[in-house]
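K.L.:
Here you go, structure-v9.pdb (PDB, C-alpha atoms and all ligand atoms):
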```pdb
ATOM      1  CA  MET A   1    -284.281 -48.976 -93.719
ATOM      2  CA  ASP A   2    -285.650 -52.359 -94.645
ATOM      3  CA  TRP A   3    -287.896 -52.636 -91.591
ATOM      4  CA  LYS A   4    -291.203 -54.004 -92.886
ATOM      5  CA  GLY A   5    -292.348 -57.474 -91.935
ATOM      6  CA  ARG A   6    -290.129 -57.640 -88.850
ATOM      7  CA  ARG A   7    -291.161 -58.088 -85.227
ATOM      8  CA  GLN A   8    -292.948 -55.138 -83.646
ATOM      9  CA  SER A   9    -292.628 -54.447 -79.946
ATOM     10  CA  ASP A  10    -295.632 -54.620 -77.623
ATOM     11  CA  ASN A  11    -293.978 -52.250 -75.162
ATOM     12  CA  ILE A  12    -295.933 -49.330 -76.546
ATOM     13  CA  GLU A  13    -298.440 -47.170 -74.754
ATOM     14  CA  ASP A  14    -300.552 -45.173 -77.169
ATOM     15  CA  ARG A  15    -301.847 -42.074 -75.409
ATOM     16  CA  ARG A  16    -302.464 -40.026 -78.529
ATOM     17  CA  GLY A  17    -305.636 -38.011 -78.349
ATOM     18  CA  ARG A  18    -307.005 -40.073 -75.493
ATOM     19  CA  ALA A  19    -307.044 -37.271 -72.959
ATOM     20  CA  SER A  20    -309.403 -35.110 -74.958
ATOM     21  CA  ARG A  21    -311.755 -37.927 -75.894
ATOM     22  CA  GLY A  22    -312.361 -39.215 -72.387
ATOM     23  CA  GLY A  23    -313.607 -42.651 -71.498
ATOM     24  CA  ALA A  24    -311.174 -44.529 -73.711
ATOM     25  CA  PRO A  25    -309.023 -46.700 -71.476
ATOM     26  CA  PHE A  26    -305.249 -46.427 -71.621
ATOM     27  CA  GLY A  27    -303.045 -49.417 -72.225
ATOM     28  CA  ARG A  28    -301.886 -51.675 -69.436
ATOM     29  CA  GLY A  29    -300.720 -49.730 -66.394
ATOM     30  CA  GLY A  30    -301.026 -46.401 -68.172
ATOM     31  CA  MET A  31    -301.690 -43.205 -66.329
ATOM     32  CA  ARG A  32    -304.924 -41.469 -66.975
ATOM     33  CA  LEU A  33    -304.905 -37.738 -67.426
ATOM     34  CA  PRO A  34    -307.564 -36.066 -65.294
ATOM     35  CA  THR A  35    -309.867 -34.777 -67.983
ATOM     36  CA  GLY A  36    -312.919 -34.444 -65.774
ATOM     37  CA  ARG A  37    -314.975 -36.136 -68.441
ATOM     38  CA  MET A  38    -315.117 -39.537 -66.873
ATOM     39  CA  ARG A  39    -318.340 -39.084 -64.931
ATOM     40  CA  GLY A  40    -321.349 -40.700 -66.544
ATOM     41  CA  SER A  41    -319.336 -42.537 -69.141
ATOM     42  CA  ARG A  42    -321.698 -45.483 -68.822
ATOM     43  CA  LEU A  43    -324.243 -45.123 -71.600
ATOM     44  CA  SER A  44    -327.859 -44.895 -70.598
ATOM     45  CA  PHE A  45    -330.630 -46.595 -72.563
ATOM     46  CA  LYS A  46    -331.773 -43.179 -73.783
ATOM     47  CA  THR A  47    -328.297 -42.338 -75.142
ATOM     48  CA  ILE A  48    -328.068 -45.653 -76.955
ATOM     49  CA  LEU A  49    -331.479 -45.006 -78.504
ATOM     50  CA  ILE A  50    -330.372 -41.556 -79.715
ATOM     51  CA  ILE A  51    -327.141 -42.967 -81.167
ATOM     52  CA  GLY A  52    -329.185 -45.620 -82.945
ATOM     53  CA  VAL A  53    -331.444 -42.998 -84.500
ATOM     54  CA  VAL A  54    -328.475 -40.863 -85.590
ATOM     55  CA  PHE A  55    -326.918 -43.935 -87.218
ATOM     56  CA  LEU A  56    -330.116 -44.642 -89.118
ATOM     57  CA  VAL A  57    -330.465 -41.056 -90.313
ATOM     58  CA  LEU A  58    -326.844 -40.933 -91.497
ATOM     59  CA  LYS A  59    -327.326 -44.235 -93.326
ATOM     60  CA  LEU A  60    -330.445 -42.876 -95.012
ATOM     61  CA  VAL A  61    -328.684 -39.748 -96.287
ATOM     62  CA  GLY A  62    -325.915 -41.907 -97.679
ATOM     63  CA  ILE A  63    -323.172 -41.433 -95.056
ATOM     64  CA  ASP A  64    -321.640 -44.546 -93.546
ATOM     65  CA  PRO A  65    -321.452 -43.783 -89.816
ATOM     66  CA  LEU A  66    -318.962 -46.591 -89.219
ATOM     67  CA  GLN A  67    -316.619 -44.972 -91.680
ATOM     68  CA  LEU A  68    -316.970 -41.681 -89.811
ATOM     69  CA  LEU A  69    -316.135 -43.380 -86.534
ATOM     70  CA  GLY A  70    -313.351 -45.571 -87.828
ATOM     71  CA  GLY A  71    -311.595 -42.864 -89.778
ATOM     72  CA  ASN A  72    -309.827 -41.081 -86.970
ATOM     73  CA  PRO A  73    -309.093 -43.193 -83.921
ATOM     74  CA  GLY A  74    -307.304 -41.133 -81.332
ATOM     75  CA  THR A  75    -306.383 -38.262 -83.585
ATOM     76  CA  ALA A  76    -305.008 -35.169 -81.940
ATOM     77  CA  PRO A  77    -306.017 -31.862 -83.460
ATOM     78  CA  THR A  78    -302.431 -30.598 -83.206
ATOM     79  CA  SER A  79    -300.915 -33.404 -85.243
ATOM     80  CA  GLN A  80    -300.242 -32.630 -88.863
ATOM     81  CA  VAL A  81    -299.442 -36.193 -89.784
ATOM     82  CA  SER A  82    -302.040 -37.795 -92.004
ATOM     83  CA  GLU A  83    -303.693 -40.960 -90.696
ATOM     84  CA  PRO A  84    -302.363 -43.641 -93.044
ATOM     85  CA  ARG A  85    -298.832 -42.365 -92.615
ATOM     86  CA  LYS A  86    -299.171 -42.181 -88.867
ATOM     87  CA  ASP A  87    -300.307 -45.754 -88.822
ATOM     88  CA  GLU A  88    -297.226 -46.771 -90.741
ATOM     89  CA  MET A  89    -295.156 -44.594 -88.401
ATOM     90  CA  THR A  90    -296.527 -46.451 -85.394
ATOM     91  CA  GLN A  91    -295.543 -49.722 -87.009
ATOM     92  CA  PHE A  92    -292.152 -48.273 -87.790
ATOM     93  CA  VAL A  93    -291.390 -47.117 -84.237
ATOM     94  CA  ALA A  94    -292.691 -50.436 -82.866
ATOM     95  CA  THR A  95    -290.265 -52.241 -85.194
ATOM     96  CA  VAL A  96    -287.304 -50.015 -84.273
ATOM     97  CA  LEU A  97    -288.132 -50.484 -80.582
ATOM     98  CA  ALA A  98    -288.192 -54.277 -81.075
ATOM     99  CA  GLU A  99    -284.779 -54.089 -82.753
ATOM    100  CA  THR A 100    -283.356 -52.129 -79.800
ATOM    101  CA  GLU A 101    -284.805 -54.769 -77.459
ATOM    102  CA  ASP A 102    -283.085 -57.574 -79.360
ATOM    103  CA  VAL A 103    -279.759 -55.764 -79.465
ATOM    104  CA  TRP A 104    -279.705 -54.631 -75.838
ATOM    105  CA  ASN A 105    -281.051 -57.930 -74.477
ATOM    106  CA  GLY A 106    -278.120 -59.603 -76.225
ATOM    107  CA  ILE A 107    -275.477 -57.124 -75.072
ATOM    108  CA  MET A 108    -276.684 -57.030 -71.471
ATOM    109  CA  GLN A 109    -276.916 -60.820 -71.343
ATOM    110  CA  SER A 110    -273.319 -61.099 -72.542
ATOM    111  CA  GLN A 111    -272.377 -58.831 -69.607
ATOM    112  CA  GLY A 112    -274.287 -60.992 -67.145
ATOM    113  CA  ARG A 113    -276.964 -58.333 -66.732
ATOM    114  CA  SER A 114    -280.674 -58.328 -67.414
ATOM    115  CA  TYR A 115    -282.405 -55.832 -69.657
ATOM    116  CA  PRO A 116    -285.773 -54.656 -68.368
ATOM    117  CA  GLU A 117    -287.246 -53.286 -71.588
ATOM    118  CA  PRO A 118    -288.391 -49.665 -71.642
ATOM    119  CA  THR A 119    -291.903 -48.639 -72.679
ATOM    120  CA  LEU A 120    -292.427 -46.243 -75.557
ATOM    121  CA  VAL A 121    -295.229 -43.751 -74.928
ATOM    122  CA  LEU A 122    -296.795 -42.127 -77.979
ATOM    123  CA  PHE A 123    -298.511 -38.866 -77.145
ATOM    124  CA  SER A 124    -299.888 -35.854 -78.928
ATOM    125  CA  GLY A 125    -299.495 -32.325 -77.676
ATOM    126  CA  ALA A 126    -298.793 -32.855 -73.997
ATOM    127  CA  VAL A 127    -298.090 -35.732 -71.668
ATOM    128  CA  ARG A 128    -297.659 -36.485 -67.987
ATOM    129  CA  SER A 129    -294.662 -38.612 -66.974
ATOM    130  CA  ALA A 130    -293.161 -39.604 -63.627
ATOM    131  CA  CYS A 131    -290.606 -36.864 -64.375
ATOM    132  CA  GLY A 132    -293.299 -34.209 -64.713
ATOM    133  CA  ASN A 133    -295.485 -32.803 -67.448
ATOM    134  CA  ALA A 134    -294.055 -32.234 -70.895
ATOM    135  CA  SER A 135    -295.240 -30.741 -74.153
ATOM    136  CA  ALA A 136    -294.380 -31.842 -77.653
ATOM    137  CA  ALA A 137    -292.244 -28.703 -77.988
ATOM    138  CA  SER A 138    -289.605 -30.146 -75.684
ATOM    139  CA  GLY A 139    -289.006 -33.055 -78.072
ATOM    140  CA  PRO A 140    -288.686 -36.771 -77.331
ATOM    141  CA  PHE A 141    -287.390 -37.637 -73.865
ATOM    142  CA  TYR A 142    -286.602 -40.497 -71.512
ATOM    143  CA  CYS A 143    -287.859 -40.526 -67.936
ATOM    144  CA  PRO A 144    -285.698 -42.698 -65.627
ATOM    145  CA  ALA A 145    -288.329 -42.646 -62.872
ATOM    146  CA  ASP A 146    -290.808 -44.673 -64.949
ATOM    147  CA  GLN A 147    -288.329 -46.110 -67.492
ATOM    148  CA  LYS A 148    -290.358 -44.816 -70.412
ATOM    149  CA  VAL A 149    -289.421 -43.048 -73.634
ATOM    150  CA  TYR A 150    -291.920 -40.344 -74.655
ATOM    151  CA  ILE A 151    -292.418 -39.132 -78.186
ATOM    152  CA  ASP A 152    -294.938 -37.096 -80.132
ATOM    153  CA  LEU A 153    -294.512 -38.534 -83.616
ATOM    154  CA  SER A 154    -294.994 -35.097 -85.156
ATOM    155  CA  PHE A 155    -291.383 -34.527 -84.002
ATOM    156  CA  PHE A 156    -290.306 -36.542 -87.039
ATOM    157  CA  ASP A 157    -291.873 -33.885 -89.284
ATOM    158  CA  GLU A 158    -289.982 -31.236 -87.345
ATOM    159  CA  LEU A 159    -286.810 -33.273 -87.679
ATOM    160  CA  ALA A 160    -287.247 -33.335 -91.436
ATOM    161  CA  GLN A 161    -288.365 -29.730 -91.884
ATOM    162  CA  ARG A 162    -286.763 -27.607 -89.151
ATOM    163  CA  PHE A 163    -283.686 -29.740 -88.552
ATOM    164  CA  LYS A 164    -283.237 -30.811 -92.177
ATOM    165  CA  ALA A 165    -282.776 -34.393 -91.067
ATOM    166  CA  SER A 166    -285.141 -36.604 -93.007
ATOM    167  CA  GLY A 167    -285.199 -40.323 -93.576
ATOM    168  CA  ASP A 168    -286.303 -43.312 -91.566
ATOM    169  CA  PHE A 169    -282.844 -44.071 -90.236
ATOM    170  CA  ALA A 170    -282.572 -40.510 -88.898
ATOM    171  CA  GLN A 171    -285.837 -41.166 -87.037
ATOM    172  CA  ALA A 172    -284.559 -44.518 -85.814
ATOM    173  CA  TYR A 173    -281.408 -42.807 -84.508
ATOM    174  CA  VAL A 174    -283.547 -40.443 -82.386
ATOM    175  CA  LEU A 175    -285.378 -43.397 -80.833
ATOM    176  CA  ALA A 176    -282.172 -45.379 -80.361
ATOM    177  CA  HIS A 177    -280.616 -42.345 -78.628
ATOM    178  CA  GLU A 178    -283.495 -42.220 -76.115
ATOM    179  CA  VAL A 179    -283.209 -45.980 -75.574
ATOM    180  CA  GLY A 180    -279.500 -45.257 -75.022
ATOM    181  CA  HIS A 181    -280.516 -43.114 -72.028
ATOM    182  CA  HIS A 182    -282.456 -46.113 -70.707
ATOM    183  CA  VAL A 183    -279.314 -48.235 -70.956
ATOM    184  CA  GLN A 184    -277.434 -45.474 -69.093
ATOM    185  CA  ASN A 185    -280.090 -45.620 -66.416
ATOM    186  CA  LEU A 186    -279.633 -49.383 -66.036
ATOM    187  CA  ILE A 187    -275.837 -49.285 -65.865
ATOM    188  CA  GLY A 188    -275.831 -46.468 -63.320
ATOM    189  CA  VAL A 189    -274.672 -43.510 -65.442
ATOM    190  CA  LEU A 190    -277.893 -41.481 -65.153
ATOM    191  CA  PRO A 191    -278.359 -42.118 -61.406
ATOM    192  CA  GLU A 192    -274.730 -41.025 -60.817
ATOM    193  CA  PHE A 193    -275.232 -37.891 -62.909
ATOM    194  CA  ASN A 194    -278.421 -36.971 -61.061
ATOM    195  CA  ARG A 195    -276.752 -37.640 -57.689
ATOM    196  CA  ARG A 196    -273.825 -35.319 -58.459
ATOM    197  CA  ARG A 197    -275.819 -32.649 -60.255
ATOM    198  CA  PRO A 198    -276.903 -30.559 -57.223
ATOM    199  CA  SER A 199    -273.280 -29.921 -56.186
ATOM    200  CA  MET A 200    -272.210 -28.807 -59.661
ATOM    201  CA  SER A 201    -272.128 -25.345 -61.169
ATOM    202  CA  GLN A 202    -274.220 -24.758 -64.277
ATOM    203  CA  SER A 203    -271.211 -24.974 -66.597
ATOM    204  CA  GLU A 204    -270.017 -28.178 -64.874
ATOM    205  CA  GLN A 205    -273.510 -29.618 -65.313
ATOM    206  CA  ASN A 206    -273.446 -28.698 -68.998
ATOM    207  CA  ARG A 207    -270.051 -30.328 -69.519
ATOM    208  CA  MET A 208    -271.214 -33.497 -67.770
ATOM    209  CA  SER A 209    -274.487 -33.430 -69.714
ATOM    210  CA  VAL A 210    -272.517 -33.352 -72.981
ATOM    211  CA  ARG A 211    -270.676 -36.550 -71.949
ATOM    212  CA  VAL A 212    -273.974 -38.223 -71.021
ATOM    213  CA  GLU A 213    -275.569 -37.217 -74.341
ATOM    214  CA  LEU A 214    -272.572 -38.266 -76.436
ATOM    215  CA  GLN A 215    -272.627 -41.652 -74.752
ATOM    216  CA  ALA A 216    -276.325 -42.007 -75.662
ATOM    217  CA  ASP A 217    -275.306 -41.179 -79.264
ATOM    218  CA  CYS A 218    -272.609 -43.847 -79.089
ATOM    219  CA  PHE A 219    -275.151 -46.359 -77.740
ATOM    220  CA  ALA A 220    -277.442 -45.440 -80.648
ATOM    221  CA  GLY A 221    -274.451 -46.187 -82.885
ATOM    222  CA  ILE A 222    -274.050 -49.617 -81.258
ATOM    223  CA  TRP A 223    -277.675 -50.317 -82.095
ATOM    224  CA  GLY A 224    -276.974 -49.203 -85.668
ATOM    225  CA  HIS A 225    -274.000 -51.569 -85.827
ATOM    226  CA  TYR A 226    -276.154 -54.613 -85.104
ATOM    227  CA  THR A 227    -278.983 -53.361 -87.283
ATOM    228  CA  ALA A 228    -276.513 -53.235 -90.175
ATOM    229  CA  GLN A 229    -275.308 -56.723 -89.286
ATOM    230  CA  ARG A 230    -278.889 -57.968 -89.448
ATOM    231  CA  GLY A 231    -279.168 -56.604 -92.963
ATOM    232  CA  LEU A 232    -281.705 -53.844 -92.304
ATOM    233  CA  LEU A 233    -279.660 -50.933 -93.592
ATOM    234  CA  GLU A 234    -280.115 -49.585 -97.070
ATOM    235  CA  ARG A 235    -277.814 -47.359 -99.063
ATOM    236  CA  GLY A 236    -277.711 -43.865 -97.537
ATOM    237  CA  ASP A 237    -279.055 -44.919 -94.134
ATOM    238  CA  LEU A 238    -275.813 -44.361 -92.239
ATOM    239  CA  GLU A 239    -275.501 -40.928 -93.840
ATOM    240  CA  GLU A 240    -279.060 -40.120 -92.681
ATOM    241  CA  ALA A 241    -278.115 -40.814 -89.060
ATOM    242  CA  LEU A 242    -274.838 -38.914 -89.307
ATOM    243  CA  ASN A 243    -276.653 -35.979 -90.878
ATOM    244  CA  ALA A 244    -279.227 -36.034 -88.065
ATOM    245  CA  ALA A 245    -276.397 -36.030 -85.500
ATOM    246  CA  GLN A 246    -274.887 -33.107 -87.413
ATOM    247  CA  GLN A 247    -278.130 -31.111 -87.554
ATOM    248  CA  ILE A 248    -278.976 -31.476 -83.860
ATOM    249  CA  GLY A 249    -275.493 -30.503 -82.637
ATOM    250  CA  ASP A 250    -275.534 -27.582 -80.169
ATOM    251  CA  ASP A 251    -273.354 -25.347 -82.350
ATOM    252  CA  THR A 252    -275.411 -25.946 -85.491
ATOM    253  CA  ILE A 253    -278.700 -25.282 -83.663
ATOM    254  CA  GLN A 254    -277.368 -22.113 -82.005
ATOM    255  CA  ARG A 255    -275.945 -20.803 -85.262
ATOM    256  CA  ARG A 256    -279.290 -21.336 -86.920
ATOM    257  CA  THR A 257    -281.456 -19.921 -84.126
ATOM    258  CA  LYS A 258    -279.244 -17.177 -82.621
ATOM    259  CA  GLY A 259    -276.681 -16.576 -85.337
ATOM    260  CA  PHE A 260    -273.778 -17.147 -82.949
ATOM    261  CA  ILE A 261    -272.576 -19.831 -80.523
ATOM    262  CA  VAL A 262    -272.138 -19.920 -76.737
ATOM    263  CA  PRO A 263    -269.953 -22.991 -76.084
ATOM    264  CA  GLU A 264    -270.408 -22.847 -72.260
ATOM    265  CA  SER A 265    -274.119 -23.441 -72.785
ATOM    266  CA  PHE A 266    -273.669 -26.568 -74.907
ATOM    267  CA  ASN A 267    -275.324 -29.538 -73.207
ATOM    268  CA  HIS A 268    -275.645 -32.140 -75.965
ATOM    269  CA  GLY A 269    -272.376 -31.780 -77.840
ATOM    270  CA  THR A 270    -271.328 -30.151 -81.082
ATOM    271  CA  SER A 271    -272.250 -31.547 -84.476
ATOM    272  CA  ALA A 272    -268.737 -32.938 -84.893
ATOM    273  CA  GLN A 273    -268.846 -34.610 -81.477
ATOM    274  CA  ARG A 274    -272.269 -36.138 -82.033
ATOM    275  CA  ARG A 275    -271.276 -37.525 -85.440
ATOM    276  CA  GLU A 276    -268.015 -38.836 -84.010
ATOM    277  CA  TRP A 277    -269.564 -40.712 -81.080
ATOM    278  CA  PHE A 278    -272.400 -42.179 -83.107
ATOM    279  CA  ALA A 279    -269.801 -43.370 -85.609
ATOM    280  CA  ARG A 280    -267.658 -44.910 -82.850
ATOM    281  CA  GLY A 281    -270.535 -46.997 -81.579
ATOM    282  CA  PHE A 282    -271.542 -47.892 -85.115
ATOM    283  CA  GLU A 283    -268.084 -49.097 -86.072
ATOM    284  CA  SER A 284    -267.256 -51.094 -82.937
ATOM    285  CA  GLY A 285    -270.630 -52.288 -81.652
ATOM    286  CA  ARG A 286    -268.969 -52.432 -78.229
ATOM    287  CA  LEU A 287    -269.991 -50.786 -74.940
ATOM    288  CA  GLU A 288    -266.348 -50.149 -74.025
ATOM    289  CA  SER A 289    -265.880 -47.883 -77.013
ATOM    290  CA  CYS A 290    -268.544 -45.546 -75.570
ATOM    291  CA  ASP A 291    -266.689 -44.400 -72.449
ATOM    292  CA  THR A 292    -267.220 -40.662 -72.826
ATOM    293  CA  PHE A 293    -266.289 -40.095 -69.173
ATOM    294  CA  ASN A 294    -262.682 -41.348 -69.217
ATOM    295  CA  ASN A 295    -261.787 -40.189 -72.708
ATOM    296  CA  PRO A 296    -261.492 -36.777 -74.286
ATOM    297  CA  VAL A 297    -264.680 -35.921 -76.135
TER     298      VAL A 297
HETATM  299 ZN    ZN A 301    -280.441 -37.251 -75.017
END
```
What does this structure look like when you write it as structure tokens?
Ligand SMILES: [Zn+2]

P.N.:
Amino acid sequence: MDWKGRRQSDNIEDRRGRASRGGAPFGRGGMRLPTGRMRGSRLSFKTILIIGVVFLVLKLVGIDPLQLLGGNPGTAPTSQVSEPRKDEMTQFVATVLAETEDVWNGIMQSQGRSYPEPTLVLFSGAVRSACGNASAASGPFYCPADQKVYIDLSFFDELAQRFKASGDFAQAYVLAHEVGHHVQNLIGVLPEFNRRRPSMSQSEQNRMSVRVELQADCFAGIWGHYTAQRGLLERGDLEEALNAAQQIGDDTIQRRTKGFIVPESFNHGTSAQRREWFARGFESGRLESCDTFNNPV
């Protein structure tokens, strides 16, 4: 993807490593995790004096204390991503998010709707959302209650290694899929699903969930359509997204993890379905082509 030098979104809340450091303020309107370390965060004169002495000593033995401090802002111990790459990753997700904003602002405007932009929360390890607490293990998610997309960027390593889906456009597809859930929230699909859920059996819920997820894939495809039109796609990018859709299909994951498939338990769609619906959105660029509820999937 030819993403460098393009607009980066400001709708990002960086909560990586903040919880364990204490005292560092979150971004605008961010929630603070109760770490219990907030008391006495105001530095006393004595503390400042000690810090000053430590600085001097480090300088004298040839270590630059500023370098020590500046090297690892907000690093989580669990993250395996090296700092320079993570920095570029942050820029990358901010750019992809900005692209989704441009695309969906345009589409919603053409439908006479507004597009309240979602916030992307970067976290490491665990996070608290209006939908409850989550750990990195559960993967990226969208919370309709606070209209935020949550991601631990180490998921991209997992995507490349465990799911065999590498490449920046594969990563962009994951983000665009979550933003797709935000669009579903705005147009009433998610609220309707959550309203009907309690009266459904588990297998009915799964079948409905598949249609919701495939529509989010199709919406990600729509984003890809306009991204291609804007000249951001490079050779092989589309294949990266289709491969990602393939690798995170329910049947492919179950075959890999269990060795067999249980179709009644599918809740995201098969590899073939996920590829198909992403491709539909990508080819048409139109919301109407993503009606997974009134068409066979
Ligand atoms: Zn989803």

K.L.:
Quick one: distance from CA of Gln247 in chain A to CA of Arg128 in chain A in Å, one decimal?

P.N.:
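Computed distance, CA of Gln247 in chain A to CA of Arg128 in chain A, equals 28.2 Å.
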
K.L.:
Distance limit 8 Å, reference ligand ZN 301 (chain A), atoms considered: all atoms listed in the file. Which residues make the cut? Give them as a PDB file with C-alpha atoms, keeping the file's coordinate frame.

P.N.:
```pdb
ATOM      1  CA  PHE A 141    -287.390 -37.637 -73.865  1.00  0.00           C
ATOM      2  CA  TYR A 142    -286.602 -40.497 -71.512  1.00  0.00           C
ATOM      3  CA  HIS A 177    -280.616 -42.345 -78.628  1.00  0.00           C
ATOM      4  CA  GLU A 178    -283.495 -42.220 -76.115  1.00  0.00           C
ATOM      5  CA  HIS A 181    -280.516 -43.114 -72.028  1.00  0.00           C
ATOM      6  CA  VAL A 212    -273.974 -38.223 -71.021  1.00  0.00           C
ATOM      7  CA  GLU A 213    -275.569 -37.217 -74.341  1.00  0.00           C
ATOM      8  CA  ALA A 216    -276.325 -42.007 -75.662  1.00  0.00           C
ATOM      9  CA  ASP A 217    -275.306 -41.179 -79.264  1.00  0.00           C
ATOM     10  CA  HIS A 268    -275.645 -32.140 -75.965  1.00  0.00           C
TER      11      HIS A 268
END
```

K.L.:
Expressed in Å to a single decimal, how great is the separation between CA of Arg7 in chain A and CA of Thr100 in chain A?

P.N.:
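Distance between the two atoms: 11.2 Å.
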
K.L.:
For the atom pair CA of Gln109 in chain A and CA of Gln171 in chain A, what is the interatomic distance in Å to one decimal place?

P.N.:
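So the answer is 26.7 Å.
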
K.L.:
Go through A:Gly139, A:Gly259, A:Gly221, A:Gly17 and flag the residue nearest Ala176 in chain A, using all atoms listed in the file for the distances.

P.N.:
A:Gly221

K.L.:
Residue by residue, what does the PyMOL selection byres (((chain A and resi 270) around 8) and not hetatm) grab here? Present the result as a PDB file with C-alpha atoms, in the coordinates of the input.

P.N.:
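After the write, part37.pdb holds the following:
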```pdb
ATOM      1  CA  GLN A 246    -274.887 -33.107 -87.413  1.00  0.00           C
ATOM      2  CA  GLY A 249    -275.493 -30.503 -82.637  1.00  0.00           C
ATOM      3  CA  ASP A 250    -275.534 -27.582 -80.169  1.00  0.00           C
ATOM      4  CA  ASP A 251    -273.354 -25.347 -82.350  1.00  0.00           C
ATOM      5  CA  THR A 252    -275.411 -25.946 -85.491  1.00  0.00           C
ATOM      6  CA  PHE A 266    -273.669 -26.568 -74.907  1.00  0.00           C
ATOM      7  CA  HIS A 268    -275.645 -32.140 -75.965  1.00  0.00           C
ATOM      8  CA  GLY A 269    -272.376 -31.780 -77.840  1.00  0.00           C
ATOM      9  CA  SER A 271    -272.250 -31.547 -84.476  1.00  0.00           C
ATOM     10  CA  ALA A 272    -268.737 -32.938 -84.893  1.00  0.00           C
ATOM     11  CA  GLN A 273    -268.846 -34.610 -81.477  1.00  0.00           C
ATOM     12  CA  ARG A 274    -272.269 -36.138 -82.033  1.00  0.00           C
TER      13      ARG A 274
END
```

K.L.:
From the set A:Ala241, A:Ile12, A:Met200, A:Ile107, which residue has the shortest atom-to-atom contact distance to Leu122 in chain A, counting all atoms listed in the file?

P.N.:
A:Ile12

K.L.:
Would you write out, as number ranges by chain, every residue that the PyMOL selection byres (((chain A and resi 152) around 9) and not hetatm) captures in this file?

P.N.:
A: 16, 79, 121-126, 135-136, 139-140, 150-151, 153-156

K.L.:
Just to be explicit: take each residue in the selection above, keep C-alpha atoms, and write the result as a JSON list (two decimals), in the frame of the given file.

P.N.:
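Final output, saved to out14.json:
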```json
[["chain", "number", "residue", "atom", "x", "y", "z"],
["A", 16, "ARG", "CA", -302.46, -40.03, -78.53],
["A", 79, "SER", "CA", -300.92, -33.40, -85.24],
["A", 121, "VAL", "CA", -295.23, -43.75, -74.93],
["A", 122, "LEU", "CA", -296.80, -42.13, -77.98],
["A", 123, "PHE", "CA", -298.51, -38.87, -77.14],
["A", 124, "SER", "CA", -299.89, -35.85, -78.93],
["A", 125, "GLY", "CA", -299.50, -32.33, -77.68],
["A", 126, "ALA", "CA", -298.79, -32.85, -74.00],
["A", 135, "SER", "CA", -295.24, -30.74, -74.15],
["A", 136, "ALA", "CA", -294.38, -31.84, -77.65],
["A", 139, "GLY", "CA", -289.01, -33.06, -78.07],
["A", 140, "PRO", "CA", -288.69, -36.77, -77.33],
["A", 150, "TYR", "CA", -291.92, -40.34, -74.66],
["A", 151, "ILE", "CA", -292.42, -39.13, -78.19],
["A", 153, "LEU", "CA", -294.51, -38.53, -83.62],
["A", 154, "SER", "CA", -294.99, -35.10, -85.16],
["A", 155, "PHE", "CA", -291.38, -34.53, -84.00],
["A", 156, "PHE", "CA", -290.31, -36.54, -87.04]]
```

K.L.:
Could you list the residues chosen by the PyMOL selection byres (((chain A and resi 165-167) around 8) and not hetatm) in this structure as a PDB file with C-alpha atoms, keeping the file's coordinate frame?

P.N.:
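Saved to result26.pdb:
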```
ATOM      1  CA  PHE A 156    -290.306 -36.542 -87.039  1.00  0.00           C
ATOM      2  CA  LEU A 159    -286.810 -33.273 -87.679  1.00  0.00           C
ATOM      3  CA  ALA A 160    -287.247 -33.335 -91.436  1.00  0.00           C
ATOM      4  CA  GLN A 161    -288.365 -29.730 -91.884  1.00  0.00           C
ATOM      5  CA  PHE A 163    -283.686 -29.740 -88.552  1.00  0.00           C
ATOM      6  CA  LYS A 164    -283.237 -30.811 -92.177  1.00  0.00           C
ATOM      7  CA  ASP A 168    -286.303 -43.312 -91.566  1.00  0.00           C
ATOM      8  CA  PHE A 169    -282.844 -44.071 -90.236  1.00  0.00           C
ATOM      9  CA  ALA A 170    -282.572 -40.510 -88.898  1.00  0.00           C
ATOM     10  CA  GLN A 171    -285.837 -41.166 -87.037  1.00  0.00           C
ATOM     11  CA  ASP A 237    -279.055 -44.919 -94.134  1.00  0.00           C
ATOM     12  CA  GLU A 240    -279.060 -40.120 -92.681  1.00  0.00           C
ATOM     13  CA  ASN A 243    -276.653 -35.979 -90.878  1.00  0.00           C
ATOM     14  CA  ALA A 244    -279.227 -36.034 -88.065  1.00  0.00           C
ATOM     15  CA  GLN A 247    -278.130 -31.111 -87.554  1.00  0.00           C
TER      16      GLN A 247
END
```

K.L.:
Find, counting all atoms listed in the file, the residue in A:Lys4, A:Cys218, A:Asn206, A:Arg286 that gets nearest to Gln91 in chain A.

P.N.:
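Closest candidate: A:Lys4.
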
K.L.:
Can you work out which one of A:Glu288, A:Val297, A:Ser9, A:Glu264 has the shortest atom-to-atom distance to Asp102 in chain A, counting all atoms listed in the file?

P.N.:
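Answer, going by the shortest atom-to-atom distance: A:Ser9.
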